[in-house]
Amino acid sequence: MRTLLVSLILSAERPVFTDVLAGQLWPDRAPAHVRGTVHTYVARLRRLFGHELIRTTSGGGYLLAVPSGNIDIHQFHGLLRQARAAEAADQELALLRAALALWRGRPFTGVESPWLDREVVPPLVDEWFAATERRIDLELKSGHASELVAELRDLTNQHATRESLWFRLIVALHQAGRRAEALDAYQQVRRILGDELGIDPSAELQQLQRALLQDGVTAPPTAPGPVPDRRPPRQLPHDIVNFSGRTAELADLDALLAAADSADGRGATIVSIEGAPGMGKTSLALHWAHRVSDRYPDAHLYLNLHGHGPGEPITPAAAAAILLRGLGISNGVIPPDADERAALLRTTLAGLRVLVMLDNARNSDQVRALLPGMDCLVIVTSRNQLRGLSVRDGALRVTLHSLAVAESISFLSAVLSARRISAEPDAAARLVEICGGLPLALSIVAERAHRSGTLSDVVHALEDEKARLDNFVTGESDPHTDLRAALSWSYQALGSNAAAMFDMLGLHPAADIGLDCAAALAGLPVREAQQSLDQLVEANMVQRRQRDRYELHDLIRLYATDRMVCDGAASASEAAIRRLLDWCLHAAVSADTALMPTRRRNFLDPYTPTMAVPVFADQHQAMAWFEREYDCLRSVVNWAASHGRPGHAWRTVIAMTTFLDRRIPWREGIEFLEMARQAAESALESAGEGYTLNSLGCTYWDQRDWVRAKDYFRKALARFSAIGDRTCEAMTLGNLGLVHASAGEAEEAQRLCGEALRLCEQSGFRRGVAQNLDNLGQAFSAAGEYHRAIECHQQASVLFHELGVTEEGACNEQNLGLAYAAGGYYGKSVRSLRLATVTLRRLSHRRQEANLLVDLGNTLQAANHPGLARQCWQAALKIMRELADPRVANIEAQIASTDLYPT
């Protein structure tokens, strides 16, 4: 009954349904009559607290009718959100102190519940640690080191293996002028880590000790790597400064929001703005969003769903992933399943007041999975009438029509000045008539009129251009002739480079384009490309939504494409497409080189870059570029595969495999690789088939699907053998050997890995030698020959270090740790596993980090440290749940079978 009450408290003011309660109350074995038993427990709680506090909801749920603001756990989370958004350090510190003051020891003491112990308490404790350490850092910066020493000594006594607390204790002692005690504290933590875990202090602690010896520490340490942006996301594109018109629609929107705010319940408010192309739906939505944005302080999210335009609309699964990344969730923790992504999005937004703008939706189904649970405003724009969203999800609809004459005149006045309009009222009225009240056409005409003579001149020019275009229309008049006349007239005023850039942008298959990519497409230096794009932005022919990223309204894109066709510029189009495909391929290679410098890339011929590609200073820059360009690269690759350029398609995907392995969910990666395999097959390139088949085998091996992995590796081996590529043959032999080792087939594993090693030695491929020594070590471990395995891994470690190969070196260190553990050398095992974990965490390789944490927990359990083992498994479990890893249930069982709170 206590667990039931806790569940209702955690979901205060929100219904909790019976099936959810059953999973929380009886995670391992439910009673025969679940609903009846739950109802009995609820009845008992009602006798204690009253029927008015515990209500029954539609659908068989129960709701605790207590404001969440009156419950300490919700107060805690609310204060933490405010602290994260605070702009001043003193304000953040005050909020953190208030949040931490709500704690009274371990949460839910006295409630025995596997659900709480596994899923609720550990994340809460992690939040407490994070908030406490942040508060200590701020107080250290404020000069309160002396007052913190006693608290930090108490904390390090309670949590002796948490290095981050020792770090702060040492800094506090030094800042307090107690340098000798600070050095002594370092020796204490070194002994504890050595005795308990068999490991040395972290590199950060060792660096701190060296600084102490040099007497050079004055501030608390910062985490390695880039500092995360603590500000809440603000993704809305800029508001239109001179926005004019739509007075009635803005009043309707304000009224709809006011009515929704005053209604019962806290569900999300959904507003759908609908209308024909060019009606100004996005402009109105953005203007209104900025007007009401201060009501939603936690996040402002924007996403163009590309429901209408080039290529396919963004799928709900892909859209959910983009929104999650905008909220700070990395690709590595986003699950592959669409429903799971939607659930994670709702969970991430729970308790937050967020504004979400979903632009250019195709239909209701594209939007529905992206809707938050409550307390949020969702603004959707679409050409279609989203009746399903209104009927099923309660969306409030606003439909746009052409601007009335008065509003059109007001629109022109805002852009051109009221003085100019009043000087030529008849010409202004004719301009409005020519544009048909279409805001997109009006904005283009107004921008061009800035650089023209009188408004009468503009009218004459437009009438002439409209008549010329009408000659190409047969039958019924084209509803977009007015817009085409405006575009054609503006196009003629462009400089030669800007005009060429506009033409080429119509060829780009993705929804948006970066500056460097646009320069390659147009064949211009980056500076000239930026000048051309700036001119197009000024003419309202291109939109700049983000810095150095541009997009075309799809009607304008259609005009650009038609221009290339009508002008018969086939050769120019072909040259531009070739530049684009070459640039995407070699830019991906450049980023992959930063991620894995020693990788051989023998698959690039015959394609060479004709335009400069970006160069990346480190892995963080390269990974950020892949994150930013991933959707664009996917669109380009899919277009290339389906438009007779399969060679570019499969090569670009292979250049992305390091990124795919580290950040992209398995299911999505398999679909991408399978498309690349088909492209290589259609190109009749055996090497491409071999590469893609090998990558598919690696993905299935990661999923522990030995049968499929063997099948793909054997097919890849056949392709490489047929073309005599001994290096790739050795790579695939080693991979096939690993699958046999994982499946317990040690003898075959040793044969295959040994053959792969010999091929690499014969060809002088040192990285391959190191890799296959690692493989052979795993084969020996599978046979129980741990001393031979350790010897292979140690030799591989030396080679990896000499070659500077980081990721594969870390994986070898992990396998060395497993061999040590199997041989009973637990201290050495923990040291190797810890070293590998630190390296892969730095590389943001979440999937492999989870595997390592499981291995580290297993080793600590075998070494009779169940409490530390549980901590590792709990950390691994958190990652695995985010990745929808099928081993979650096994890890949960391991945690449940250990002593949760050892003395």
# chains A, B, ... in the order shown; residues from 1 in each chain; ligands from 1
$ residues_around --residues "Thr610 in chain A" --least-positions-apart "4" --cutoff "10 Å" --atoms "only C-alpha atoms" --output "list of chain:residue names"
A:Ala520, A:Gly523, A:Arg578, A:Arg579, A:Leu580, A:Asp582, A:Trp583, A:His586
$ write_last_selection --atoms "C-alpha atoms" --output "short mmCIF file (atom, residue, chain, number, x, y, z; two decimals), in the first residue's frame"
data_model
loop_
_atom_site.label_atom_id
_atom_site.label_comp_id
_atom_site.auth_asym_id
_atom_site.auth_seq_id
_atom_site.Cartn_x
_atom_site.Cartn_y
_atom_site.Cartn_z
CA ALA A 520 30.41 23.37 -53.28
CA GLY A 523 31.15 25.99 -57.41
CA ARG A 578 28.70 15.94 -59.05
CA ARG A 579 30.32 18.71 -56.96
CA LEU A 580 27.68 18.23 -54.26
CA ASP A 582 31.89 14.67 -54.11
CA TRP A 583 31.81 17.27 -51.34
CA HIS A 586 34.91 13.78 -48.79
#
$ residues_around --residues "range 232-236 of chain A" --least-positions-apart "2" --cutoff "9 Å" --atoms "only C-alpha atoms" --output "list of chain:residue names"
A:Arg84, A:Ala85, A:Asp229, A:Arg230, A:His238, A:Asp239, A:Leu286, A:Ala289, A:His290, A:Pro297, A:Asp298, A:Ala299, A:His300, A:Leu301, A:Tyr302, A:Leu303, A:Gly326, A:Leu327, A:Gly328, A:Val356, A:Met357, A:Arg545, A:Gln546
$ select_by_dssp --residues "range 276-480 of chain A" --states "strand (DSSP E or B)" --output "JSON, numbers by chain"
{"A": [299, 300, 301, 302, 303, 304, 354, 355, 356, 357, 358, 359, 360, 361, 374, 377, 378, 379, 380, 381, 382, 396, 397, 398, 399, 400]}
$ write_last_selection --atoms "N, CA, C and O atoms" --output "JSON list (two decimals), in the first residue's frame"
[["chain", "number", "residue", "atom", "x", "y", "z"],
["A", 299, "ALA", "N", 11.81, 25.59, -22.36],
["A", 299, "ALA", "CA", 12.41, 25.27, -23.68],
["A", 299, "ALA", "C", 11.51, 25.81, -24.78],
["A", 299, "ALA", "O", 10.29, 25.85, -24.64],
["A", 300, "HIS", "N", 12.16, 26.26, -25.87],
["A", 300, "HIS", "CA", 11.46, 26.64, -27.09],
["A", 300, "HIS", "C", 12.04, 25.78, -28.20],
["A", 300, "HIS", "O", 13.21, 25.94, -28.57],
["A", 301, "LEU", "N", 11.26, 24.85, -28.73],
["A", 301, "LEU", "CA", 11.73, 23.91, -29.75],
["A", 301, "LEU", "C", 11.09, 24.24, -31.09],
["A", 301, "LEU", "O", 9.90, 24.59, -31.15],
["A", 302, "TYR", "N", 11.86, 24.10, -32.16],
["A", 302, "TYR", "CA", 11.35, 24.34, -33.51],
["A", 302, "TYR", "C", 11.81, 23.19, -34.41],
["A", 302, "TYR", "O", 12.97, 22.76, -34.36],
["A", 303, "LEU", "N", 10.89, 22.70, -35.24],
["A", 303, "LEU", "CA", 11.25, 21.64, -36.18],
["A", 303, "LEU", "C", 10.41, 21.78, -37.43],
["A", 303, "LEU", "O", 9.18, 21.85, -37.37],
["A", 304, "ASN", "N", 11.08, 21.84, -38.59],
["A", 304, "ASN", "CA", 10.42, 21.80, -39.89],
["A", 304, "ASN", "C", 10.23, 20.33, -40.26],
["A", 304, "ASN", "O", 11.21, 19.61, -40.47],
["A", 354, "VAL", "N", 6.95, 24.05, -21.94],
["A", 354, "VAL", "CA", 7.73, 24.08, -23.18],
["A", 354, "VAL", "C", 6.84, 24.52, -24.33],
["A", 354, "VAL", "O", 5.67, 24.15, -24.41],
["A", 355, "LEU", "N", 7.41, 25.33, -25.23],
["A", 355, "LEU", "CA", 6.75, 25.71, -26.47],
["A", 355, "LEU", "C", 7.40, 24.91, -27.60],
["A", 355, "LEU", "O", 8.62, 24.94, -27.76],
["A", 356, "VAL", "N", 6.57, 24.21, -28.37],
["A", 356, "VAL", "CA", 7.06, 23.39, -29.48],
["A", 356, "VAL", "C", 6.38, 23.88, -30.76],
["A", 356, "VAL", "O", 5.15, 23.90, -30.83],
["A", 357, "MET", "N", 7.16, 24.26, -31.75],
["A", 357, "MET", "CA", 6.60, 24.63, -33.05],
["A", 357, "MET", "C", 6.97, 23.58, -34.08],
["A", 357, "MET", "O", 8.15, 23.33, -34.33],
["A", 358, "LEU", "N", 5.94, 22.95, -34.67],
["A", 358, "LEU", "CA", 6.12, 21.92, -35.68],
["A", 358, "LEU", "C", 5.64, 22.49, -37.01],
["A", 358, "LEU", "O", 4.44, 22.61, -37.26],
["A", 359, "ASP", "N", 6.57, 22.88, -37.84],
["A", 359, "ASP", "CA", 6.29, 23.62, -39.07],
["A", 359, "ASP", "C", 6.12, 22.65, -40.23],
["A", 359, "ASP", "O", 6.83, 21.64, -40.33],
["A", 360, "ASN", "N", 5.18, 22.96, -41.14],
["A", 360, "ASN", "CA", 5.04, 22.25, -42.41],
["A", 360, "ASN", "C", 4.76, 20.77, -42.22],
["A", 360, "ASN", "O", 5.47, 19.90, -42.72],
["A", 361, "ALA", "N", 3.70, 20.47, -41.47],
["A", 361, "ALA", "CA", 3.32, 19.07, -41.22],
["A", 361, "ALA", "C", 2.54, 18.52, -42.41],
["A", 361, "ALA", "O", 1.75, 19.22, -43.05],
["A", 374, "MET", "N", 1.67, 17.41, -21.07],
["A", 374, "MET", "CA", 0.94, 18.47, -20.38],
["A", 374, "MET", "C", 1.77, 19.73, -20.29],
["A", 374, "MET", "O", 2.97, 19.72, -20.57],
["A", 377, "LEU", "N", 2.73, 24.20, -24.95],
["A", 377, "LEU", "CA", 2.03, 24.74, -26.12],
["A", 377, "LEU", "C", 2.68, 24.17, -27.37],
["A", 377, "LEU", "O", 3.90, 24.26, -27.54],
["A", 378, "VAL", "N", 1.86, 23.56, -28.22],
["A", 378, "VAL", "CA", 2.34, 23.01, -29.50],
["A", 378, "VAL", "C", 1.66, 23.79, -30.62],
["A", 378, "VAL", "O", 0.44, 23.86, -30.69],
["A", 379, "ILE", "N", 2.47, 24.41, -31.49],
["A", 379, "ILE", "CA", 1.96, 25.15, -32.65],
["A", 379, "ILE", "C", 2.33, 24.36, -33.90],
["A", 379, "ILE", "O", 3.51, 24.09, -34.14],
["A", 380, "VAL", "N", 1.32, 23.99, -34.67],
["A", 380, "VAL", "CA", 1.53, 23.19, -35.88],
["A", 380, "VAL", "C", 1.10, 24.02, -37.08],
["A", 380, "VAL", "O", 0.05, 24.67, -37.04],
["A", 381, "THR", "N", 1.89, 24.02, -38.15],
["A", 381, "THR", "CA", 1.46, 24.63, -39.41],
["A", 381, "THR", "C", 1.37, 23.54, -40.48],
["A", 381, "THR", "O", 2.18, 22.61, -40.50],
["A", 382, "SER", "N", 0.37, 23.68, -41.35],
["A", 382, "SER", "CA", 0.19, 22.67, -42.39],
["A", 382, "SER", "C", -0.66, 23.22, -43.53],
["A", 382, "SER", "O", -1.54, 24.07, -43.31],
["A", 396, "LEU", "N", -6.76, 23.08, -31.61],
["A", 396, "LEU", "CA", -7.55, 24.26, -31.92],
["A", 396, "LEU", "C", -7.09, 24.79, -33.28],
["A", 396, "LEU", "O", -5.90, 25.07, -33.47],
["A", 397, "ARG", "N", -8.01, 24.91, -34.25],
["A", 397, "ARG", "CA", -7.61, 25.18, -35.63],
["A", 397, "ARG", "C", -7.87, 26.63, -36.01],
["A", 397, "ARG", "O", -8.89, 27.21, -35.68],
["A", 398, "VAL", "N", -6.90, 27.22, -36.74],
["A", 398, "VAL", "CA", -7.02, 28.54, -37.32],
["A", 398, "VAL", "C", -6.66, 28.42, -38.81],
["A", 398, "VAL", "O", -5.56, 27.95, -39.13],
["A", 399, "THR", "N", -7.58, 28.82, -39.69],
["A", 399, "THR", "CA", -7.35, 28.69, -41.13],
["A", 399, "THR", "C", -7.06, 30.06, -41.73],
["A", 399, "THR", "O", -7.80, 31.02, -41.48],
["A", 400, "LEU", "N", -6.01, 30.15, -42.54],
["A", 400, "LEU", "CA", -5.61, 31.41, -43.17],
["A", 400, "LEU", "C", -6.12, 31.47, -44.61],
["A", 400, "LEU", "O", -6.09, 30.47, -45.34]]
$ residues_around --residues "range 503-513 of chain A" --least-positions-apart "6" --cutoff "6 Å" --atoms "only C-alpha atoms" --output "list of chain:residue names"
A:Ala522, A:Arg549, A:Tyr550, A:Glu551, A:Arg557, A:Ala560, A:Thr561, A:Cys632, A:Ser635, A:Val636
$ residues_around --residues "range 859-863 of chain A" --least-positions-apart "6" --cutoff "9 Å" --atoms "only C-alpha atoms" --output "PyMOL selection string"
chain A and resi 197+817-818+821-822+824+826-827+829-830+869-870+872+898
$ residues_around --residues "Phe76 in chain A" --least-positions-apart "6" --cutoff "10 Å" --atoms "only C-alpha atoms" --output "PyMOL selection string"
chain A and resi 69+95-96+98-103+127-128
$ write_last_selection --atoms "N, CA and C atoms" --output "short mmCIF file (atom, residue, chain, number, x, y, z; two decimals), in the first residue's frame"
data_model
loop_
_atom_site.label_atom_id
_atom_site.label_comp_id
_atom_site.auth_asym_id
_atom_site.auth_seq_id
_atom_site.Cartn_x
_atom_site.Cartn_y
_atom_site.Cartn_z
N GLY A 69 3.00 21.17 -6.55
CA GLY A 69 3.83 22.15 -5.86
C GLY A 69 3.83 21.99 -4.35
N LEU A 95 18.88 28.73 -5.31
CA LEU A 95 17.90 27.72 -5.73
C LEU A 95 18.39 26.31 -5.39
N LEU A 96 19.68 26.06 -5.59
CA LEU A 96 20.23 24.73 -5.25
C LEU A 96 20.13 24.49 -3.75
N ALA A 98 17.96 25.73 -1.69
CA ALA A 98 16.55 25.48 -1.37
C ALA A 98 16.13 24.07 -1.76
N ALA A 99 16.60 23.60 -2.92
CA ALA A 99 16.26 22.25 -3.36
C ALA A 99 16.84 21.20 -2.42
N LEU A 100 18.11 21.35 -2.07
CA LEU A 100 18.78 20.36 -1.22
C LEU A 100 18.25 20.37 0.20
N ALA A 101 17.71 21.50 0.65
CA ALA A 101 17.16 21.58 2.00
C ALA A 101 15.93 20.69 2.16
N LEU A 102 15.33 20.25 1.05
CA LEU A 102 14.15 19.40 1.12
C LEU A 102 14.49 17.95 1.45
N TRP A 103 15.77 17.57 1.35
CA TRP A 103 16.18 16.18 1.56
C TRP A 103 16.26 15.87 3.05
N GLU A 127 20.69 12.69 -8.88
CA GLU A 127 20.35 14.12 -8.95
C GLU A 127 20.84 14.86 -7.70
N TRP A 128 20.72 14.20 -6.54
CA TRP A 128 21.20 14.82 -5.30
C TRP A 128 22.71 15.05 -5.36
#
$ residues_around --residues "Pro597 in chain A" --least-positions-apart "3" --cutoff "12 Å" --atoms "only C-alpha atoms" --output "short mmCIF file (atom, residue, chain, number, x, y, z; two decimals) with C-alpha atoms, in the first residue's frame"
data_model
loop_
_atom_site.label_atom_id
_atom_site.label_comp_id
_atom_site.auth_asym_id
_atom_site.auth_seq_id
_atom_site.Cartn_x
_atom_site.Cartn_y
_atom_site.Cartn_z
CA VAL A 589 35.71 11.20 -44.84
CA SER A 590 37.37 14.24 -43.24
CA ALA A 591 35.11 14.00 -40.18
CA ASP A 592 35.61 10.23 -39.96
CA THR A 593 39.38 10.76 -40.14
CA ALA A 594 39.17 12.95 -37.03
CA ARG A 600 42.38 2.76 -44.03
CA ARG A 601 40.08 4.33 -46.62
CA PHE A 616 38.33 19.14 -37.96
CA ALA A 617 40.63 19.94 -35.06
CA ASP A 618 39.42 17.09 -32.84
CA GLN A 619 36.80 14.41 -32.31
CA ALA A 622 33.87 16.05 -36.09
CA THR A 658 32.21 5.29 -37.13
CA ARG A 767 46.88 -1.68 -37.20
CA LEU A 803 49.85 3.79 -33.50
CA GLY A 804 47.74 6.21 -31.44
CA VAL A 805 44.56 4.17 -32.00
CA THR A 806 42.22 5.20 -29.19
CA GLU A 807 38.87 3.46 -29.61
CA GLU A 808 40.14 0.04 -30.66
#
$ closest_residue --among "A:His460, A:Arg419, A:Arg726, A:His648" --to "Leu431 in chain A" --atoms "only C-alpha atoms"
A:His460
